[in-house]
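Undergrad: The file below is input33.csv, CSV, C-alpha atoms:
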```csv
chain,number,residue,atom,x,y,z
A,1,MET,CA,136.3,200.6,130.3
A,2,ASP,CA,135.1,199.0,133.5
A,3,ARG,CA,134.9,195.2,133.9
A,4,ARG,CA,131.1,195.2,134.0
A,5,ARG,CA,130.8,197.1,130.7
A,6,PHE,CA,133.3,194.8,129.0
A,7,VAL,CA,131.5,191.7,130.0
A,8,ILE,CA,128.1,193.0,128.8
A,9,GLY,CA,129.6,194.2,125.6
A,10,THR,CA,131.4,190.9,125.0
A,11,THR,CA,128.3,189.0,125.8
A,12,ALA,CA,126.2,191.2,123.4
A,13,SER,CA,128.8,190.8,120.7
A,14,ALA,CA,128.8,187.0,121.1
A,15,ALA,CA,125.1,186.9,120.9
A,16,ALA,CA,125.1,189.0,117.8
A,17,LEU,CA,127.6,186.7,116.2
A,18,ALA,CA,125.6,183.7,117.1
A,19,ALA,CA,122.5,185.2,115.7
A,20,GLY,CA,124.3,186.5,112.6
A,21,PRO,CA,123.6,183.6,110.2
A,22,ALA,CA,119.9,183.8,111.0
A,23,PHE,CA,119.8,187.5,110.3
A,24,ALA,CA,121.9,186.9,107.2
A,25,GLN,CA,119.5,184.5,105.6
A,26,GLU,CA,117.7,186.2,102.7
A,27,THR,CA,114.1,185.6,101.8
A,28,PHE,CA,114.0,184.2,98.3
A,29,PRO,CA,113.9,186.0,96.0
A,30,SER,CA,115.6,189.1,97.2
A,31,HIS,CA,116.9,190.2,93.8
A,32,ALA,CA,116.5,189.6,90.1
A,33,VAL,CA,116.0,186.1,88.7
A,34,THR,CA,117.6,185.3,85.3
A,35,ILE,CA,116.1,182.8,82.8
A,36,ILE,CA,118.7,181.7,80.3
A,37,ASN,CA,117.1,181.2,76.8
A,38,ALA,CA,119.2,178.6,75.1
A,39,PHE,CA,118.1,179.6,71.5
A,40,PRO,CA,118.3,182.6,69.3
A,41,PRO,CA,115.8,185.5,69.6
A,42,GLY,CA,112.6,185.1,67.6
A,43,GLY,CA,112.3,181.3,68.1
A,44,ALA,CA,109.7,179.4,70.1
A,45,ASN,CA,111.8,179.5,73.3
A,46,ASP,CA,112.3,183.2,73.1
A,47,ALA,CA,108.7,183.9,72.2
A,48,VAL,CA,107.3,181.8,75.0
A,49,THR,CA,109.9,182.7,77.7
A,50,ARG,CA,109.5,186.5,77.5
A,51,PRO,CA,105.8,186.7,78.3
A,52,LEU,CA,106.3,184.1,81.1
A,53,ALA,CA,109.0,186.4,82.6
A,54,ALA,CA,106.7,189.4,82.4
A,55,ALA,CA,103.9,187.4,84.1
A,56,LEU,CA,106.3,186.1,86.8
A,57,GLU,CA,107.7,189.4,87.9
A,58,PRO,CA,104.7,190.6,89.9
A,59,ILE,CA,104.4,187.2,91.5
A,60,LEU,CA,108.0,187.0,92.7
A,61,LYS,CA,108.1,190.8,93.3
A,62,GLN,CA,111.5,190.9,91.6
A,63,PRO,CA,112.8,191.6,88.1
A,64,VAL,CA,112.8,188.4,85.9
A,65,VAL,CA,115.4,188.9,83.1
A,66,VAL,CA,115.7,186.7,80.0
A,67,GLU,CA,119.3,186.3,78.9
A,68,THR,CA,120.1,184.6,75.5
A,69,LYS,CA,122.9,182.1,75.5
A,70,ALA,CA,122.4,180.5,72.1
A,71,GLY,CA,124.7,178.1,70.2
A,72,ALA,CA,125.4,174.5,69.4
A,73,GLY,CA,121.7,173.6,69.1
A,74,GLY,CA,121.0,174.9,72.7
A,75,GLN,CA,124.0,173.2,74.3
A,76,VAL,CA,125.7,176.5,75.2
A,77,GLY,CA,122.8,177.7,77.2
A,78,ALA,CA,122.3,174.3,78.9
A,79,GLN,CA,126.0,174.2,79.9
A,80,VAL,CA,125.8,177.8,81.3
A,81,ALA,CA,122.8,176.9,83.4
A,82,ALA,CA,124.2,173.6,84.6
A,83,SER,CA,127.4,175.2,85.8
A,84,SER,CA,125.6,178.2,87.5
A,85,LYS,CA,125.1,178.5,91.3
A,86,PRO,CA,122.1,176.4,92.2
A,87,ASP,CA,120.4,179.1,94.3
A,88,GLY,CA,117.2,179.7,92.3
A,89,TYR,CA,118.4,182.9,90.7
A,90,THR,CA,119.5,181.3,87.4
A,91,LEU,CA,116.9,179.2,85.5
A,92,LEU,CA,116.9,177.7,82.0
A,93,SER,CA,114.4,177.8,79.2
A,94,HIS,CA,114.9,174.9,76.9
A,95,ASN,CA,113.1,172.5,74.5
A,96,ASN,CA,113.3,168.9,73.3
A,97,GLY,CA,116.9,169.2,72.4
A,98,ILE,CA,117.9,169.0,76.1
A,99,SER,CA,116.7,165.3,76.1
A,100,GLY,CA,119.0,164.0,73.5
A,101,TYR,CA,122.4,165.6,74.1
A,102,ALA,CA,123.8,162.8,76.1
A,103,GLU,CA,122.7,160.1,73.6
A,104,VAL,CA,124.3,162.1,70.7
A,105,ASP,CA,127.6,162.5,72.7
A,106,LYS,CA,127.5,158.7,73.4
A,107,LEU,CA,127.0,158.0,69.7
A,108,PHE,CA,130.2,159.9,68.9
A,109,GLY,CA,132.2,158.5,71.8
A,110,ARG,CA,132.3,161.8,73.6
A,111,ALA,CA,131.9,162.4,77.3
A,112,PRO,CA,128.4,164.1,77.8
A,113,LYS,CA,128.7,167.8,78.4
A,114,THR,CA,125.3,167.8,80.2
A,115,THR,CA,122.9,165.1,81.1
A,116,ARG,CA,119.3,165.2,82.2
A,117,ALA,CA,120.5,164.6,85.7
A,118,ASP,CA,122.0,168.1,85.7
A,119,PHE,CA,118.5,169.8,85.7
A,120,ILE,CA,115.4,169.9,87.8
A,121,PRO,CA,112.3,170.2,85.7
A,122,LEU,CA,110.0,172.9,87.0
A,123,ALA,CA,107.3,173.3,84.4
A,124,ARG,CA,106.4,172.6,80.8
A,125,LEU,CA,104.9,175.8,79.3
A,126,VAL,CA,103.7,174.7,75.9
A,127,ALA,CA,103.8,171.6,73.7
A,128,ASP,CA,103.4,172.4,70.1
A,129,PRO,CA,102.5,169.4,67.9
A,130,ILE,CA,104.9,168.8,65.1
A,131,LEU,CA,103.4,168.6,61.6
A,132,LEU,CA,104.6,166.8,58.5
A,133,VAL,CA,104.3,169.6,55.9
A,134,VAL,CA,105.0,169.6,52.2
A,135,ASN,CA,105.4,172.4,49.7
A,136,ASP,CA,102.1,173.1,48.0
A,137,GLN,CA,103.7,172.4,44.6
A,138,GLN,CA,104.2,168.8,45.5
A,139,PRO,CA,101.5,166.3,44.5
A,140,TYR,CA,100.9,164.8,48.0
A,141,LYS,CA,97.4,165.2,49.4
A,142,THR,CA,97.6,162.6,52.2
A,143,LEU,CA,100.3,160.9,54.3
A,144,LYS,CA,99.6,157.7,52.3
A,145,ASP,CA,100.5,159.6,49.0
A,146,PHE,CA,103.8,160.7,50.6
A,147,VAL,CA,104.7,157.3,52.1
A,148,ASP,CA,103.9,155.4,48.8
A,149,ASP,CA,106.0,157.8,46.8
A,150,ALA,CA,108.9,157.7,49.3
A,151,LYS,CA,109.0,153.9,49.1
A,152,LYS,CA,109.1,154.0,45.3
A,153,ARG,CA,111.9,156.6,45.2
A,154,PRO,CA,114.3,156.0,48.1
A,155,ASP,CA,116.7,158.8,49.1
A,156,THR,CA,115.0,161.2,46.6
A,157,ILE,CA,112.5,163.3,48.5
A,158,VAL,CA,114.4,166.1,50.3
A,159,TYR,CA,113.3,167.2,53.8
A,160,SER,CA,114.7,170.2,55.7
A,161,SER,CA,115.4,170.5,59.4
A,162,GLY,CA,116.8,173.1,61.8
A,163,GLY,CA,120.0,171.0,62.3
A,164,LEU,CA,121.3,167.6,63.0
A,165,TYR,CA,119.7,165.8,65.9
A,166,GLY,CA,117.5,168.8,66.6
A,167,ALA,CA,113.8,169.0,67.5
A,168,THR,CA,112.8,169.1,63.8
A,169,HIS,CA,115.2,166.3,62.7
A,170,LEU,CA,114.3,163.6,65.2
A,171,PRO,CA,110.6,163.3,64.3
A,172,VAL,CA,111.6,162.4,60.8
A,173,ALA,CA,113.5,159.4,62.1
A,174,LEU,CA,110.4,158.3,64.1
A,175,LEU,CA,108.2,158.7,61.1
A,176,GLU,CA,110.6,156.7,58.8
A,177,LYS,CA,110.7,153.9,61.3
A,178,ALA,CA,107.0,153.8,61.9
A,179,THR,CA,106.0,153.9,58.2
A,180,GLY,CA,108.8,151.8,56.8
A,181,VAL,CA,109.9,154.6,54.5
A,182,PRO,CA,113.5,154.3,53.3
A,183,LYS,CA,115.6,157.2,54.5
A,184,LEU,CA,114.7,160.5,53.0
A,185,ARG,CA,117.3,162.9,51.9
A,186,HIS,CA,118.2,165.4,54.6
A,187,LEU,CA,118.9,169.1,54.2
A,188,PRO,CA,120.0,170.4,57.6
A,189,THR,CA,120.0,174.2,58.1
A,190,ASN,CA,120.8,176.6,60.9
A,191,GLY,CA,117.4,176.7,62.6
A,192,GLY,CA,113.7,176.3,62.1
A,193,GLY,CA,113.3,179.5,60.2
A,194,PRO,CA,115.9,178.6,57.5
A,195,ALA,CA,114.4,175.1,57.3
A,196,ILE,CA,111.0,176.6,56.5
A,197,THR,CA,112.5,179.0,54.0
A,198,ALA,CA,114.0,176.1,52.2
A,199,LEU,CA,110.7,174.4,52.1
A,200,LEU,CA,108.8,177.4,50.9
A,201,GLY,CA,111.4,177.8,48.1
A,202,ASN,CA,110.9,174.1,47.1
A,203,ASN,CA,114.6,173.4,47.8
A,204,ALA,CA,113.1,170.8,50.2
A,205,GLN,CA,109.8,169.0,49.5
A,206,ALA,CA,108.9,168.2,53.1
A,207,SER,CA,109.7,169.1,56.7
A,208,THR,CA,108.6,168.3,60.2
A,209,GLN,CA,107.9,171.6,61.9
A,210,ALA,CA,105.9,173.0,64.8
A,211,THR,CA,102.3,174.0,64.2
A,212,SER,CA,102.8,177.6,65.2
A,213,ALA,CA,105.8,178.0,62.9
A,214,THR,CA,104.0,176.9,59.8
A,215,LEU,CA,100.4,177.9,60.5
A,216,GLN,CA,100.5,181.2,58.5
A,217,HIS,CA,102.0,179.4,55.5
A,218,ILE,CA,99.4,176.6,55.7
A,219,LYS,CA,96.6,179.2,55.8
A,220,ALA,CA,98.2,181.1,52.9
A,221,GLY,CA,98.2,177.9,50.8
A,222,LYS,CA,102.0,177.7,50.5
A,223,LEU,CA,102.4,174.6,52.6
A,224,ARG,CA,100.2,171.6,53.1
A,225,ALA,CA,100.0,169.7,56.4
A,226,LEU,CA,99.6,165.9,55.8
A,227,ALA,CA,99.7,164.7,59.4
A,228,SER,CA,100.1,165.8,63.0
A,229,PHE,CA,102.4,164.2,65.6
A,230,GLY,CA,100.1,165.4,68.4
A,231,GLY,CA,98.1,163.0,70.6
A,232,THR,CA,94.9,164.7,69.4
A,233,ARG,CA,93.9,166.9,66.5
A,234,SER,CA,94.9,170.6,66.8
A,235,LYS,CA,92.1,173.0,67.5
A,236,ILE,CA,93.5,175.4,65.0
A,237,LEU,CA,94.0,172.7,62.3
A,238,PRO,CA,91.1,170.3,63.0
A,239,ASP,CA,91.2,168.8,59.5
A,240,VAL,CA,94.7,167.5,59.8
A,241,PRO,CA,94.7,163.8,61.1
A,242,THR,CA,97.1,162.6,63.7
A,243,LEU,CA,99.6,159.8,63.0
A,244,LYS,CA,97.9,157.7,65.7
A,245,GLU,CA,94.6,158.1,63.8
A,246,LEU,CA,96.4,156.9,60.7
A,247,GLY,CA,97.7,153.8,62.4
A,248,TYR,CA,101.2,154.9,63.5
A,249,ASN,CA,102.0,155.0,67.2
A,250,VAL,CA,104.1,158.2,67.0
A,251,GLU,CA,103.7,161.3,69.1
A,252,TYR,CA,106.1,164.2,69.2
A,253,TYR,CA,106.0,167.9,70.2
A,254,LEU,CA,108.2,170.9,70.1
A,255,TRP,CA,107.9,171.8,73.8
A,256,VAL,CA,109.3,174.6,75.9
A,257,GLY,CA,110.1,174.0,79.6
A,258,ILE,CA,111.7,175.7,82.6
A,259,PHE,CA,114.5,174.1,84.5
A,260,ALA,CA,116.6,174.8,87.6
A,261,PRO,CA,120.2,173.5,88.0
A,262,LYS,CA,120.8,170.3,89.9
A,263,GLY,CA,121.3,171.0,93.6
A,264,THR,CA,118.8,173.9,93.9
A,265,PRO,CA,117.4,173.6,97.4
A,266,PRO,CA,113.9,172.1,97.8
A,267,GLN,CA,112.7,175.1,99.7
A,268,ILE,CA,113.6,177.3,96.7
A,269,VAL,CA,112.0,174.9,94.2
A,270,SER,CA,108.8,175.0,96.4
A,271,ILE,CA,108.7,178.8,95.9
A,272,LEU,CA,109.5,178.8,92.2
A,273,SER,CA,107.2,176.0,91.1
A,274,PRO,CA,103.9,177.5,92.3
A,275,ALA,CA,105.0,180.9,91.1
A,276,ILE,CA,105.7,179.6,87.6
A,277,GLU,CA,102.3,177.7,87.7
A,278,LYS,CA,100.5,180.9,88.5
A,279,ALA,CA,102.3,182.8,85.8
A,280,ALA,CA,101.7,180.1,83.2
A,281,ASN,CA,98.0,180.0,83.9
A,282,SER,CA,97.6,183.8,83.9
A,283,ASP,CA,95.5,185.4,81.3
A,284,GLN,CA,98.5,187.6,80.4
A,285,PHE,CA,100.6,184.6,79.5
A,286,LYS,CA,97.8,182.5,77.9
A,287,THR,CA,96.9,185.4,75.6
A,288,ALA,CA,100.5,185.9,74.5
A,289,VAL,CA,100.9,182.2,73.7
A,290,THR,CA,97.6,182.0,71.9
A,291,ASN,CA,98.5,185.0,69.8
A,292,LEU,CA,101.6,183.0,68.7
A,293,GLY,CA,99.4,180.3,67.4
A,294,LEU,CA,100.3,178.0,70.3
A,295,GLU,CA,98.0,176.0,72.6
A,296,PRO,CA,99.0,176.3,76.3
A,297,GLY,CA,100.3,173.0,77.5
A,298,TYR,CA,101.3,173.6,81.1
A,299,LEU,CA,102.5,170.7,83.2
A,300,ASN,CA,103.6,171.1,86.8
A,301,ALA,CA,106.9,169.8,88.0
A,302,LYS,CA,105.8,166.2,88.8
A,303,ASN,CA,103.8,165.8,85.6
A,304,PHE,CA,106.5,167.4,83.5
A,305,ALA,CA,109.1,165.1,85.0
A,306,ALA,CA,107.0,162.1,83.9
A,307,PHE,CA,106.5,163.6,80.4
A,308,TRP,CA,110.2,164.3,80.1
A,309,ASP,CA,111.0,160.7,80.9
A,310,ALA,CA,108.8,159.5,78.1
A,311,ASP,CA,109.9,162.2,75.7
A,312,ALA,CA,113.6,161.4,76.3
A,313,LYS,CA,113.0,157.8,75.4
A,314,ARG,CA,111.5,159.0,72.1
A,315,SER,CA,114.5,161.3,71.5
A,316,ASP,CA,117.0,158.5,72.3
A,317,GLU,CA,115.2,156.1,70.0
A,318,ALA,CA,115.3,158.7,67.2
A,319,VAL,CA,119.0,159.4,67.7
A,320,LYS,CA,119.8,155.7,67.5
A,321,THR,CA,117.7,155.4,64.4
A,322,ILE,CA,119.5,158.3,62.7
A,323,GLY,CA,122.9,156.9,63.7
A,324,LYS,CA,126.2,158.7,63.4
A,325,VAL,CA,126.0,161.6,61.0
A,326,GLN,CA,128.8,164.1,60.5
A,327,GLY,CA,127.7,167.8,60.4
```
Can you dump the structure from the file as structure tokens?
TA:
Amino acid sequence: MDRRRFVIGTTASAAALAAGPAFAQETFPSHAVTIINAFPPGGANDAVTRPLAAALEPILKQPVVVETKAGAGGQVGAQVAASSKPDGYTLLSHNNGISGYAEVDKLFGRAPKTTRADFIPLARLVADPILLVVNDQQPYKTLKDFVDDAKKRPDTIVYSSGGLYGATHLPVALLEKATGVPKLRHLPTNGGGPAITALLGNNAQASTQATSATLQHIKAGKLRALASFGGTRSKILPDVPTLKELGYNVEYYLWVGIFAPKGTPPQIVSILSPAIEKAANSDQFKTAVTNLGLEPGYLNAKNFAAFWDADAKRSDEAVKTIGKVQG
């Protein structure tokens, strides 16, 4: 090889190496995005996340895969997401439970496995008002009937929930504190479905459950809704008063949100956030959610972060009210 050729070749190689990182940078997203669903199939998270993923695919122009990582009341999925590479390709679908994990760990003297600081809130998709529902065989027609009887018979009325410190356990603590009701008797189960089954079988007399989860049973006359934890009356149950209307400053929702792991670059978040917003406001997603009996409750990243702050305070308050309970 002559000297001139070697110099040109070496210079070209050096230039290629210098330019390498620029050429190596990928346009996000360049392959499939995975959304970890932290709860079992068939629940609210699963039912809401799958239509979102379907609506998101044509916007991101890449496959969006929903992968279930359920267990420990949603903590398994949260831990998997928190420890994943913060590159935008692994997101998390979670609910209220993500707010209270650290407070529960603190209550038991454990080091928190995850905290809210481990996640970047991208969007709230739905916010399903919690209802206080009773078995139709029970005599209660109003919240006052229920509260009056509970005060006369402490630790007698049984309520079911989907598990200790979960999204259908915490609102009972808020209700007890607001109304002055002595503690009701708790029947924890392995999820919202089993809790509703216990209520339908009259093994529990009451429960706090999402509107969408109980709507069919209310319409069938098997359950009776006494009050809503929503800020306003539900459009699908307009005759059910809110706790605020009845004089109790309590508000609580079963919400589903999408999160990214801490450390996800701002430029990636700036692509994901508007993409999720477009998907969440699509007719495809809204129709799917409405068919589930849910009312769309989209909040963008900024508004969701503010909502999450307030919701976490409610969750922490409820955990402290409940106190240390062994499962």
Undergrad: Point out the residue among A:Val33, A:Ala310, A:Val134, A:Leu243 with the least atom-to-atom distance to A:Leu60, counting only C-alpha atoms.
TA: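 Selected residue with least distance to A:Leu60: A:Val33.
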Undergrad: Might you pull out every residue within 10 Å of A:Ile236, with only C-alpha atoms counted and same-chain residues fewer than 2 positions away left off, and present them as a ChimeraX atom specification?
TA: /A:211-212,215,233-234,238-240,293-295
Undergrad: Residues at most 8 Å from A:Gly192, counting only C-alpha atoms, excluding those fewer than 3 positions away in the same chain, as a CSV table (one decimal) with C-alpha atoms, keeping the file's coordinate frame?
TA:
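Contents of result_32.csv, as written:
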```csv
chain,number,residue,atom,x,y,z
A,43,GLY,CA,112.3,181.3,68.1
A,161,SER,CA,115.4,170.5,59.4
A,162,GLY,CA,116.8,173.1,61.8
A,168,THR,CA,112.8,169.1,63.8
A,189,THR,CA,120.0,174.2,58.1
A,195,ALA,CA,114.4,175.1,57.3
A,196,ILE,CA,111.0,176.6,56.5
A,209,GLN,CA,107.9,171.6,61.9
```
Undergrad: Just checking: using only C-alpha atoms, which residue out of A:Arg116, A:His94, A:Lys69, A:His217 ends up closest to A:Lys262?
TA: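 Using only C-alpha atoms, the shortest distance to A:Lys262 belongs to A:Arg116.
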Undergrad: Mind dumping a table of every stretch 163-192 of chain A residue within 7 Å of stretch 142-154 of chain A, with the nearest atom pair and its distance in Å to one decimal, using only C-alpha atoms, sorted by chain and rising number, as CSV?
TA:
```
residue,atom,partner,partner_atom,distance
A:Val181,CA,A:Lys151,CA,5.5
A:Pro182,CA,A:Pro154,CA,5.5
A:Lys183,CA,A:Pro154,CA,6.6
A:Leu184,CA,A:Pro154,CA,6.7
```
Undergrad: I'd like the interatomic distance between atom CA of A:Pro265 and atom CA of A:Gly100, to a tenth of an Å.
TA: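 According to the coordinates, atom CA of A:Pro265 and atom CA of A:Gly100 are separated by 25.8 Å.
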Undergrad: Find the residues around A:Asp309 up to 12 Å (all atoms listed in the file counted), leave out those fewer than 4 positions away in its own chain, and share them as a PyMOL selection string.
TA: chain A and resi 96+98-100+116-117+121+302-305+313-316
Undergrad: Which one of A:Ile276, A:Arg124, A:Leu175, A:Pro241 sits closest to A:Phe307 if you count all atoms listed in the file?
TA: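 Closest candidate: A:Arg124.
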Undergrad: Hey, which of A:Val80, A:Val319, A:Pro296, A:Ala301 ends up closest to A:Lys235? Count all atoms listed in the file.
TA: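 Closest residue, counting all atoms listed in the file: A:Pro296.
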Undergrad: What does the structure give for the distance between atom CA of A:Gly97 and atom CA of A:Leu170, in Å to one decimal?
TA: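 Atom CA of A:Gly97 sits 9.5 Å away from atom CA of A:Leu170.
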